[in-house]
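For reference, structure_37.txt (compact mmCIF, C-alpha atoms):
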# COMPACT_ATOMS: atom_id res chain seq x y z
CA MET A 1 -110.09 90.36 197.79
CA LYS A 2 -113.23 88.88 196.28
CA PHE A 3 -115.04 92.06 197.30
CA ILE A 4 -112.73 94.52 195.55
CA LYS A 5 -114.78 94.38 192.35
CA PHE A 6 -117.82 95.57 194.30
CA LEU A 7 -115.79 98.38 195.82
CA ILE A 8 -114.73 99.55 192.36
CA THR A 9 -118.28 99.24 190.98
CA GLY A 10 -119.48 101.25 193.97
CA ILE A 11 -116.89 103.96 193.27
CA PHE A 12 -118.17 104.20 189.69
CA PHE A 13 -121.71 104.42 191.00
CA GLY A 14 -120.77 107.18 193.46
CA ILE A 15 -118.98 109.19 190.78
CA VAL A 16 -121.82 108.95 188.24
CA MET A 17 -124.41 109.91 190.85
CA ALA A 18 -122.36 112.95 191.86
CA LYS A 19 -121.22 114.07 188.41
CA SER A 20 -124.71 113.68 186.93
CA GLU A 21 -125.96 115.90 189.79
CA ALA A 22 -128.54 113.22 190.65
CA ILE A 23 -127.41 113.62 194.28
CA SER A 24 -128.57 117.26 194.27
CA TRP A 25 -131.69 118.27 196.18
CA TYR A 26 -132.19 120.98 193.54
CA ARG A 27 -132.28 118.42 190.72
CA ILE A 28 -134.90 116.35 192.54
CA GLN A 29 -137.03 119.47 193.03
CA GLU A 30 -136.64 120.35 189.37
CA MET A 31 -137.79 116.82 188.50
CA PHE A 32 -140.87 116.91 190.71
CA ARG A 33 -141.77 120.30 189.19
CA PHE A 34 -141.36 118.95 185.63
CA GLN A 35 -139.09 121.89 184.83
CA ALA A 36 -136.23 120.08 183.12
CA PHE A 37 -135.57 116.91 181.20
CA HIS A 38 -132.29 116.14 183.02
CA MET A 39 -133.43 113.55 185.61
CA TYR A 40 -135.95 112.00 183.23
CA GLY A 41 -133.19 111.66 180.65
CA ILE A 42 -130.87 109.92 183.14
CA ILE A 43 -133.50 107.47 184.38
CA GLY A 44 -134.95 107.03 180.87
CA VAL A 45 -131.62 106.10 179.25
CA ALA A 46 -130.75 103.76 182.14
CA VAL A 47 -134.10 101.99 181.81
CA ILE A 48 -134.08 101.77 177.99
CA MET A 49 -130.54 100.32 178.00
CA GLY A 50 -131.61 98.10 180.89
CA VAL A 51 -134.65 96.73 179.05
CA ILE A 52 -132.54 95.92 175.98
CA GLY A 53 -129.77 94.33 178.06
CA VAL A 54 -132.12 92.22 180.19
CA TRP A 55 -133.89 91.07 177.02
CA ILE A 56 -130.52 90.01 175.55
CA ILE A 57 -129.56 88.18 178.79
CA LYS A 58 -132.84 86.23 178.73
CA LYS A 59 -132.83 85.62 174.98
CA PHE A 60 -129.30 84.20 174.89
CA LYS A 61 -129.46 82.73 178.42
CA LEU A 62 -126.28 84.55 179.40
CA ARG A 63 -124.36 83.50 182.48
CA ASP A 64 -122.51 85.44 185.14
CA TYR A 65 -118.76 85.14 185.65
CA HIS A 66 -119.21 82.18 188.02
CA GLY A 67 -120.91 80.39 185.13
CA ASN A 68 -124.33 80.49 186.78
CA PRO A 69 -127.37 81.56 184.76
CA ILE A 70 -128.41 85.19 185.35
CA VAL A 71 -131.93 84.93 186.74
CA PHE A 72 -134.54 87.58 187.47
CA TYR A 73 -136.97 86.95 190.28
CA PRO A 74 -140.50 88.27 189.78
CA LYS A 75 -141.57 90.59 192.59
CA ASP A 76 -144.60 89.77 194.75
CA LYS A 77 -147.85 90.44 192.97
CA SER A 78 -149.67 92.87 195.20
CA MET A 79 -150.74 96.46 195.10
CA ILE A 80 -151.00 98.06 198.52
CA ARG A 81 -147.38 97.73 199.54
CA TYR A 82 -146.12 99.27 196.31
CA ILE A 83 -148.58 102.15 196.36
CA ALA A 84 -148.39 102.93 200.09
CA GLY A 85 -144.67 102.26 200.45
CA GLY A 86 -143.98 104.06 197.19
CA ILE A 87 -145.86 107.18 198.27
CA ILE A 88 -144.10 107.30 201.66
CA PHE A 89 -140.74 106.81 199.94
CA GLY A 90 -141.52 109.51 197.36
CA MET A 91 -142.44 112.03 200.05
CA GLY A 92 -139.16 111.41 201.84
CA TRP A 93 -137.25 111.56 198.54
CA ALA A 94 -138.68 114.98 197.70
CA LEU A 95 -138.12 116.32 201.22
CA SER A 96 -134.53 115.17 201.71
CA GLY A 97 -133.66 115.29 198.01
CA ALA A 98 -131.98 111.90 198.19
CA CYS A 99 -132.78 108.22 197.91
CA PRO A 100 -130.53 105.79 199.84
CA GLY A 101 -127.67 105.62 197.30
CA PRO A 102 -127.26 109.38 196.89
CA MET A 103 -127.39 109.81 200.70
CA VAL A 104 -124.08 108.04 201.17
CA VAL A 105 -122.57 109.63 198.04
CA ASN A 106 -123.41 113.01 199.59
CA ILE A 107 -121.67 112.03 202.83
CA GLY A 108 -118.54 111.17 200.86
CA TYR A 109 -118.83 114.40 198.88
CA GLY A 110 -118.68 116.39 202.11
CA TYR A 111 -122.35 117.03 202.89
CA TYR A 112 -122.15 115.54 206.37
CA ALA A 113 -125.72 116.60 207.22
CA MET A 114 -126.78 113.76 204.96
CA ALA A 115 -125.50 111.37 207.64
CA ILE A 116 -128.54 112.38 209.72
CA VAL A 117 -130.83 111.51 206.81
CA PHE A 118 -129.06 108.18 206.35
CA LEU A 119 -129.19 107.35 210.06
CA PHE A 120 -132.92 108.02 210.13
CA ALA A 121 -133.38 105.96 206.97
CA ILE A 122 -131.91 103.02 208.92
CA ILE A 123 -134.29 103.79 211.79
CA GLY A 124 -137.17 103.97 209.29
CA THR A 125 -136.27 100.54 207.96
CA TYR A 126 -136.15 99.26 211.55
CA LEU A 127 -139.62 100.69 212.23
CA TYR A 128 -140.93 98.93 209.14
CA GLY A 129 -139.48 95.64 210.36
CA LEU A 130 -141.06 96.23 213.74
CA ILE A 131 -144.62 96.76 212.50
CA LYS A 132 -144.58 95.01 209.13
CA ASP A 133 -146.99 92.25 210.21
CA LYS A 134 -149.58 94.85 211.14
CA LEU A 135 -149.37 96.63 207.77
CA PRO A 136 -151.47 95.74 204.74
CA HIS A 137 -149.36 94.45 201.88
CA MET B 1 -108.53 114.80 181.17
CA ILE B 2 -109.37 115.47 184.84
CA GLU B 3 -110.91 118.78 183.80
CA PHE B 4 -112.99 117.03 181.18
CA ILE B 5 -114.35 114.47 183.68
CA SER B 6 -114.85 117.19 186.29
CA GLN B 7 -117.58 118.88 184.30
CA SER B 8 -121.13 117.88 185.08
CA TRP B 9 -122.01 114.81 183.05
CA THR B 10 -124.75 115.00 180.48
CA TRP B 11 -127.96 113.01 181.06
CA TRP B 12 -127.51 110.37 178.36
CA PHE B 13 -123.95 109.53 179.40
CA SER B 14 -124.97 109.38 183.08
CA GLY B 15 -127.95 107.14 182.32
CA ALA B 16 -125.72 104.83 180.28
CA VAL B 17 -123.14 104.54 183.09
CA ILE B 18 -125.88 103.73 185.65
CA SER B 19 -127.08 100.96 183.36
CA VAL B 20 -123.50 99.65 183.08
CA VAL B 21 -123.32 99.58 186.90
CA MET B 22 -126.49 97.46 186.97
CA PHE B 23 -125.16 95.01 184.38
CA THR B 24 -121.79 94.82 186.11
CA LEU B 25 -123.52 93.69 189.32
CA LEU B 26 -125.57 91.13 187.36
CA PHE B 27 -122.37 89.84 185.76
CA PHE B 28 -120.86 89.48 189.25
CA GLY B 29 -123.86 87.34 190.23
CA GLN B 30 -125.68 90.00 192.26
CA SER B 31 -128.36 92.59 191.59
CA PHE B 32 -128.63 96.36 191.81
CA GLY B 33 -130.71 97.42 194.83
CA PHE B 34 -129.26 99.89 197.27
CA SER B 35 -131.88 100.11 200.02
CA SER B 36 -131.37 96.44 200.94
CA ASN B 37 -128.29 97.76 202.71
CA LEU B 38 -130.50 99.48 205.29
CA ARG B 39 -132.02 96.14 206.26
CA THR B 40 -128.59 94.50 206.24
CA ILE B 41 -127.23 97.16 208.60
CA CYS B 42 -130.14 96.54 211.01
CA SER B 43 -129.39 92.83 210.91
CA ALA B 44 -125.64 93.30 211.37
CA ALA B 45 -126.44 95.51 214.38
CA GLY B 46 -128.05 92.48 216.03
CA LEU B 47 -131.66 93.64 215.68
CA GLY B 48 -132.59 90.21 214.32
CA ASN B 49 -132.70 88.93 217.90
CA SER B 50 -135.82 90.96 218.64
CA VAL B 51 -137.35 91.56 215.20
CA SER B 52 -137.63 88.54 212.89
CA PHE B 53 -137.49 90.70 209.73
CA PHE B 54 -133.81 91.30 210.51
CA ASN B 55 -133.09 87.69 211.40
CA PHE B 56 -131.30 86.48 208.27
CA ASN B 57 -127.74 85.70 207.28
CA TRP B 58 -126.63 89.26 206.55
CA LYS B 59 -123.13 88.05 205.70
CA THR B 60 -124.42 87.07 202.24
CA GLN B 61 -125.00 90.80 201.71
CA ILE B 62 -121.50 91.98 202.55
CA TRP B 63 -120.85 92.57 198.84
CA ASN B 64 -123.59 95.27 198.88
CA LEU B 65 -122.10 96.95 201.98
CA VAL B 66 -118.77 97.02 200.15
CA PHE B 67 -120.60 98.59 197.19
CA LEU B 68 -121.96 101.19 199.66
CA VAL B 69 -118.43 101.96 200.91
CA GLY B 70 -117.41 102.35 197.25
CA ALA B 71 -120.28 104.81 196.73
CA VAL B 72 -119.00 106.91 199.66
CA LEU B 73 -115.50 106.86 198.13
CA GLY B 74 -116.94 107.79 194.73
CA GLY B 75 -118.66 110.75 196.40
CA PHE B 76 -115.38 111.70 198.07
CA ILE B 77 -113.49 111.58 194.77
CA SER B 78 -116.22 113.68 193.14
CA GLY B 79 -116.05 116.22 195.96
CA THR B 80 -112.27 116.56 195.81
CA VAL B 81 -110.27 115.50 192.72
CA LEU B 82 -113.20 115.78 190.31
CA LYS B 83 -114.86 118.77 191.94
CA ASN B 84 -115.94 121.71 189.86
CA ASP B 85 -117.17 124.82 191.59
CA GLN B 86 -120.11 125.37 189.27
CA PRO B 87 -123.49 125.58 190.98
CA VAL B 88 -126.11 123.11 189.77
CA GLN B 89 -127.52 124.45 186.50
CA ILE B 90 -131.20 124.06 187.32
CA SER B 91 -133.87 125.79 185.26
CA ASP B 92 -134.86 129.40 185.90
CA ALA B 93 -138.42 128.27 186.61
CA THR B 94 -137.18 126.06 189.47
CA ILE B 95 -135.03 128.87 190.86
CA THR B 96 -138.08 131.16 190.84
CA ASP B 97 -140.35 128.56 192.47
CA LEU B 98 -137.81 127.72 195.17
CA GLY B 99 -137.19 131.42 195.74
CA LYS B 100 -140.83 131.81 196.75
CA LEU B 101 -140.21 129.12 199.39
CA GLY B 102 -137.20 130.97 200.78
CA PHE B 103 -134.42 129.13 198.94
CA SER B 104 -131.75 131.28 197.30
CA ALA B 105 -130.38 130.35 193.87
CA PRO B 106 -127.87 127.43 193.94
CA VAL B 107 -124.23 128.23 194.72
CA SER B 108 -123.21 124.55 194.97
CA ILE B 109 -125.03 121.24 194.62
CA GLN B 110 -127.04 121.38 197.87
CA PRO B 111 -128.99 124.21 199.51
CA ASP B 112 -127.53 125.71 202.68
CA GLU B 113 -131.11 126.23 203.80
CA LEU B 114 -131.29 122.49 204.53
CA PHE B 115 -127.78 121.09 204.77
CA SER B 116 -125.64 123.77 206.43
CA LEU B 117 -124.47 123.25 210.00
CA GLU B 118 -126.64 126.17 211.07
CA SER B 119 -129.76 124.57 209.61
CA VAL B 120 -128.96 121.13 211.02
CA LEU B 121 -128.61 122.60 214.50
CA SER B 122 -132.04 124.27 214.33
CA LEU B 123 -135.01 122.21 215.51
CA LYS B 124 -136.89 122.61 212.24
CA GLY B 125 -133.85 121.82 210.11
CA PHE B 126 -133.08 118.70 212.11
CA LEU B 127 -136.70 117.53 212.01
CA LEU B 128 -136.95 117.98 208.23
CA LEU B 129 -133.84 115.88 207.57
CA SER B 130 -134.77 113.20 210.08
CA ILE B 131 -138.39 112.89 208.91
CA GLY B 132 -137.20 112.80 205.29
CA GLY B 133 -134.77 109.99 206.09
CA LEU B 134 -137.35 108.11 208.15
CA MET B 135 -139.84 108.15 205.25
CA VAL B 136 -137.23 107.02 202.72
CA GLY B 137 -136.13 104.13 204.95
CA PHE B 138 -139.63 103.05 205.92
CA GLY B 139 -141.11 103.52 202.45
CA SER B 140 -138.34 101.77 200.55
CA ARG B 141 -138.65 98.61 202.63
CA TYR B 142 -142.47 98.72 202.60
CA ALA B 143 -142.37 99.06 198.81
CA GLY B 144 -139.66 96.41 198.58
CA GLY B 145 -137.08 98.64 196.92
CA CYS B 146 -135.92 102.13 196.09
CA THR B 147 -134.95 103.94 192.91
CA SER B 148 -132.23 101.43 192.04
CA GLY B 149 -134.23 98.29 192.82
CA HIS B 150 -137.54 99.36 191.32
CA ALA B 151 -136.97 102.23 188.87
CA ILE B 152 -133.77 100.84 187.32
CA SER B 153 -133.61 97.06 187.96
CA GLY B 154 -137.36 96.40 188.13
CA LEU B 155 -138.38 98.49 185.10
CA SER B 156 -135.49 97.01 183.09
CA ASP B 157 -137.10 93.61 183.73
CA LEU B 158 -140.54 95.06 182.83
CA GLN B 159 -141.93 94.19 186.27
CA ILE B 160 -145.42 95.56 186.84
CA PRO B 161 -144.93 95.77 190.65
CA SER B 162 -141.93 98.03 190.04
CA LEU B 163 -143.97 100.24 187.73
CA ILE B 164 -146.62 100.59 190.45
CA ALA B 165 -143.92 101.43 193.00
CA VAL B 166 -142.35 104.05 190.71
CA ILE B 167 -145.77 105.63 190.15
CA GLY B 168 -146.09 105.66 193.96
CA PHE B 169 -142.67 107.37 194.26
CA PHE B 170 -143.89 110.10 191.94
CA VAL B 171 -147.28 110.52 193.60
CA GLY B 172 -145.50 110.91 196.96
CA GLY B 173 -142.89 113.28 195.54
CA LEU B 174 -145.51 115.44 193.85
CA MET B 175 -147.60 115.58 197.04
CA MET B 176 -144.60 116.63 199.10
CA THR B 177 -143.41 119.19 196.54
CA HIS B 178 -146.70 120.79 195.58
CA LEU B 179 -148.94 120.34 198.65
CA LEU B 180 -146.63 120.18 201.66
CA PHE B 181 -143.64 122.35 200.67
CA PRO B 182 -145.79 125.54 200.62
CA LEU B 183 -146.85 124.72 204.22
CA ILE B 184 -143.42 123.60 205.46
CA PHE B 185 -141.41 126.44 203.94
CA SER B 186 -143.94 129.28 204.15
CA HIS B 187 -142.42 132.36 205.73

Would it be possible to restate this file's structure as structure tokens?
Amino acid sequence: MKFIKFLITGIFFGIVMAKSEAISWYRIQEMFRFQAFHMYGIIGVAVIMGVIGVWIIKKFKLRDYHGNPIVFYPKDKSMIRYIAGGIIFGMGWALSGACPGPMVVNIGYGYYAMAIVFLFAIIGTYLYGLIKDKLPH
Amino acid sequence: MIEFISQSWTWWFSGAVISVVMFTLLFFGQSFGFSSNLRTICSAAGLGNSVSFFNFNWKTQIWNLVFLVGAVLGGFISGTVLKNDQPVQISDATITDLGKLGFSAPVSIQPDELFSLESVLSLKGFLLLSIGGLMVGFGSRYAGGCTSGHAISGLSDLQIPSLIAVIGFFVGGLMMTHLLFPLIFSH
């Protein structure tokens, strides 16, 4: 039962991704062609609200519902992994029109072909794990 | 009410709800990062025995797998109860550009040219989807996160690494769209 709250949050996430059309390949194409504000508006509002909220959490040292402080861990300071990994991710995002979240939302929506994309995303993650020590980070 | 929710949601409302999802997960003591699930699935499949990257206690990540199941259900609800039959209202410029690549104007939210059964069963169609998925999975772990972990969570925390990653996402997306699409979809 302790997981039900994550199930409900996930349902909300799935619905907003679908109803905002962020799961649409067309919308991702439109974004990468700079031909509409839609996706930039979605991400922009989420980030602006996020910045304000995270600032408030830090400022007032807010705690989660267990009573533990909400902490943010700084990400590794490096360049290559973010640039190289980011570019590879972006190419896949534009081609399939979906990042990992929207892949599974699409499967639920009824676009079963997205299951192939998701399966290969798992394989891609496995390949990364396999060769990660040989890659520059 | 159902009809009202069934319309496509405007950008500012959608962005606000995504931010609420992120804060809800923080309040529950977790963080918003979807692609971690891919690594968790590899670990749960037992791949940690041969590859150390997957050798961790994946059971601490069950909450995120449950979130994933919720996302599938949310998609299902959106595709049934909350479905509207309007095609995606993309700009005319995009319709024209995609037309030159052989894509007809939207009739739903995804193009049949890529996601129909017929396309999936063709060699090219299958390869495009599988290579796309492979790059997303490989790239997100290499970069240490995807759109949720870097673009939403990371930028909200003003993390420079996340900004670099998001710039990378866009460089990759622009390369694919403007340099490779004309080669892939030429006809």

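For the residues B:Lys59, B:Lys83, B:His150, B:Lys100, ranking by smallest atom-to-atom distance to Pro74 of chain A using all atoms listed in the file places B:His150 first.
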
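Going from atom CA of Ser140 of chain B to atom CA of Phe89 of chain A covers 5.6 Å.
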
Report task. Give me the residues within 9 Å of segment 120-129 of chain A as a list in words, counting all atoms listed in the file and dropping any in the same chain fewer than 5 places off. Result -> Pro100, Ala115 and Leu135 of chain A; Asn37, Leu38, Arg39, Ile41, Cys42, Leu47, Val51, Ser52, Phe53, Phe54, Leu129, Ser130, Ile131, Gly132, Gly133, Leu134, Met135, Val136, Gly137, Phe138, Gly139, Ser140, Arg141 and Tyr142 of chain B

I need the chosen residues saved as a PDB file, in the frame of the given file, with C-alpha atoms.
ATOM      1  CA  PRO A 100    -130.530 105.790 199.840  1.00  0.00           C
ATOM      2  CA  ALA A 115    -125.500 111.370 207.640  1.00  0.00           C
ATOM      3  CA  LEU A 135    -149.370  96.630 207.770  1.00  0.00           C
TER       4      LEU A 135
ATOM      5  CA  ASN B  37    -128.290  97.760 202.710  1.00  0.00           C
ATOM      6  CA  LEU B  38    -130.500  99.480 205.290  1.00  0.00           C
ATOM      7  CA  ARG B  39    -132.020  96.140 206.260  1.00  0.00           C
ATOM      8  CA  ILE B  41    -127.230  97.160 208.600  1.00  0.00           C
ATOM      9  CA  CYS B  42    -130.140  96.540 211.010  1.00  0.00           C
ATOM     10  CA  LEU B  47    -131.660  93.640 215.680  1.00  0.00           C
ATOM     11  CA  VAL B  51    -137.350  91.560 215.200  1.00  0.00           C
ATOM     12  CA  SER B  52    -137.630  88.540 212.890  1.00  0.00           C
ATOM     13  CA  PHE B  53    -137.490  90.700 209.730  1.00  0.00           C
ATOM     14  CA  PHE B  54    -133.810  91.300 210.510  1.00  0.00           C
ATOM     15  CA  LEU B 129    -133.840 115.880 207.570  1.00  0.00           C
ATOM     16  CA  SER B 130    -134.770 113.200 210.080  1.00  0.00           C
ATOM     17  CA  ILE B 131    -138.390 112.890 208.910  1.00  0.00           C
ATOM     18  CA  GLY B 132    -137.200 112.800 205.290  1.00  0.00           C
ATOM     19  CA  GLY B 133    -134.770 109.990 206.090  1.00  0.00           C
ATOM     20  CA  LEU B 134    -137.350 108.110 208.150  1.00  0.00           C
ATOM     21  CA  MET B 135    -139.840 108.150 205.250  1.00  0.00           C
ATOM     22  CA  VAL B 136    -137.230 107.020 202.720  1.00  0.00           C
ATOM     23  CA  GLY B 137    -136.130 104.130 204.950  1.00  0.00           C
ATOM     24  CA  PHE B 138    -139.630 103.050 205.920  1.00  0.00           C
ATOM     25  CA  GLY B 139    -141.110 103.520 202.450  1.00  0.00           C
ATOM     26  CA  SER B 140    -138.340 101.770 200.550  1.00  0.00           C
ATOM     27  CA  ARG B 141    -138.650  98.610 202.630  1.00  0.00           C
ATOM     28  CA  TYR B 142    -142.470  98.720 202.600  1.00  0.00           C
TER      29      TYR B 142
END

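Atom pair atom CA of Asn64 of chain B / atom CA of His137 of chain A has a distance of 26.0 Å (rounded to one decimal).
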
Query raised in the report: At what distance in Å, to one decimal, does atom CA of Thr9 of chain A lie from atom CA of Gly33 of chain B?
Result: 13.1 Å

**Report entry** Nearest residue to Ile2 of chain B from the set B:Val81, B:Ala44, B:Ile160, B:Ile18 (distances using all atoms listed in the file)
**Finding:** B:Val81

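The environment of segment 113-118 of chain B within 8 Å, counting all atoms listed in the file and disregarding residues fewer than 2 places along the same chain, consists of Tyr111, Ala113 and Met114 of chain A; Phe103, Gln110, Pro111, Val120, Leu121, Ser122, Gly125 and Leu129 of chain B.
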
Query raised in the report: Pick from A:Ile56, A:Gly90, A:Tyr112, A:Met31: nearest to chain B, with only C-alpha atoms counted?
Result: A:Gly90

Query - Residue contacts of Trp25 of chain A (6 Å, only C-alpha atoms) excluding same-chain residues fewer than 2 positions away, as a VMD selection string - result: (chain A and resid 27 to 28 97) or (chain B and resid 110)

May I have the residues within 12 Å of Ile107 of chain A as a compact mmCIF listing (two decimals) with C-alpha atoms, keeping the file's coordinate frame, using all atoms listed in the file and disregarding those fewer than 5 positions away in the same chain?
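This is the output file result_14.txt:
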# COMPACT_ATOMS: atom_id res chain seq x y z
CA GLY A 14 -120.77 107.18 193.46
CA ALA A 18 -122.36 112.95 191.86
CA ILE A 23 -127.41 113.62 194.28
CA ALA A 98 -131.98 111.90 198.19
CA PRO A 100 -130.53 105.79 199.84
CA GLY A 101 -127.67 105.62 197.30
CA PRO A 102 -127.26 109.38 196.89
CA TYR A 112 -122.15 115.54 206.37
CA ALA A 113 -125.72 116.60 207.22
CA MET A 114 -126.78 113.76 204.96
CA ALA A 115 -125.50 111.37 207.64
CA ILE A 116 -128.54 112.38 209.72
CA VAL A 117 -130.83 111.51 206.81
CA PHE A 118 -129.06 108.18 206.35
CA LEU A 119 -129.19 107.35 210.06
CA LEU B 68 -121.96 101.19 199.66
CA VAL B 69 -118.43 101.96 200.91
CA GLY B 70 -117.41 102.35 197.25
CA ALA B 71 -120.28 104.81 196.73
CA VAL B 72 -119.00 106.91 199.66
CA LEU B 73 -115.50 106.86 198.13
CA GLY B 74 -116.94 107.79 194.73
CA GLY B 75 -118.66 110.75 196.40
CA PHE B 76 -115.38 111.70 198.07
CA ILE B 77 -113.49 111.58 194.77
CA SER B 78 -116.22 113.68 193.14
CA GLY B 79 -116.05 116.22 195.96
CA GLN B 110 -127.04 121.38 197.87
CA PHE B 115 -127.78 121.09 204.77

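Comparing the minimum interatomic distances between Gly154 of chain B and each of B:Ser91, B:Ser43, B:Val166, B:Leu180, counting only C-alpha atoms, we find that B:Val166 sits nearest.
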
Requested in this report: Extract, using all atoms listed in the file, all DNA, RNA and protein residues at most 9 Å from Ser108 of chain B, discarding same-chain residues fewer than 5 positions from it, and format them as a ChimeraX atom specification.
Outcome: /B:85-88

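If you measure from each of B:Ile152, B:Ile95, B:Ala45, B:Ala105 to chain A using all atoms listed in the file, the closest one turns out to be B:Ile152.
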
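Across B:Ser36, B:Gln30, B:Thr177, B:Asn49, the tightest approach to Phe3 of chain A is made by B:Gln30 when counting only C-alpha atoms.
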
Nearby residues, (-133.7, 117.3, 176.8) file frame, 10 Å, all atoms listed in the file, as an mmCIF file with C-alpha atoms, in the coordinates of the input:
data_model
loop_
_atom_site.group_PDB
_atom_site.id
_atom_site.type_symbol
_atom_site.label_atom_id
_atom_site.label_comp_id
_atom_site.auth_asym_id
_atom_site.auth_seq_id
_atom_site.Cartn_x
_atom_site.Cartn_y
_atom_site.Cartn_z
ATOM 1 C CA ALA A 36 -136.230 120.080 183.120
ATOM 2 C CA PHE A 37 -135.570 116.910 181.200
ATOM 3 C CA HIS A 38 -132.290 116.140 183.020
ATOM 4 C CA MET A 39 -133.430 113.550 185.610
ATOM 5 C CA TYR A 40 -135.950 112.000 183.230
ATOM 6 C CA GLY A 41 -133.190 111.660 180.650
ATOM 7 C CA THR B 10 -124.750 115.000 180.480
ATOM 8 C CA TRP B 11 -127.960 113.010 181.060
ATOM 9 C CA TRP B 12 -127.510 110.370 178.360
#

Query raised in the report: Counting all atoms listed in the file, which residues come within 10 Å of (-128.7, 97.2, 187.7), with the point read in the file's coordinates, and could you list them as a ChimeraX atom specification?
Result: /A:46-47,50,54 /B:18-27,30-34,148-154,156-157
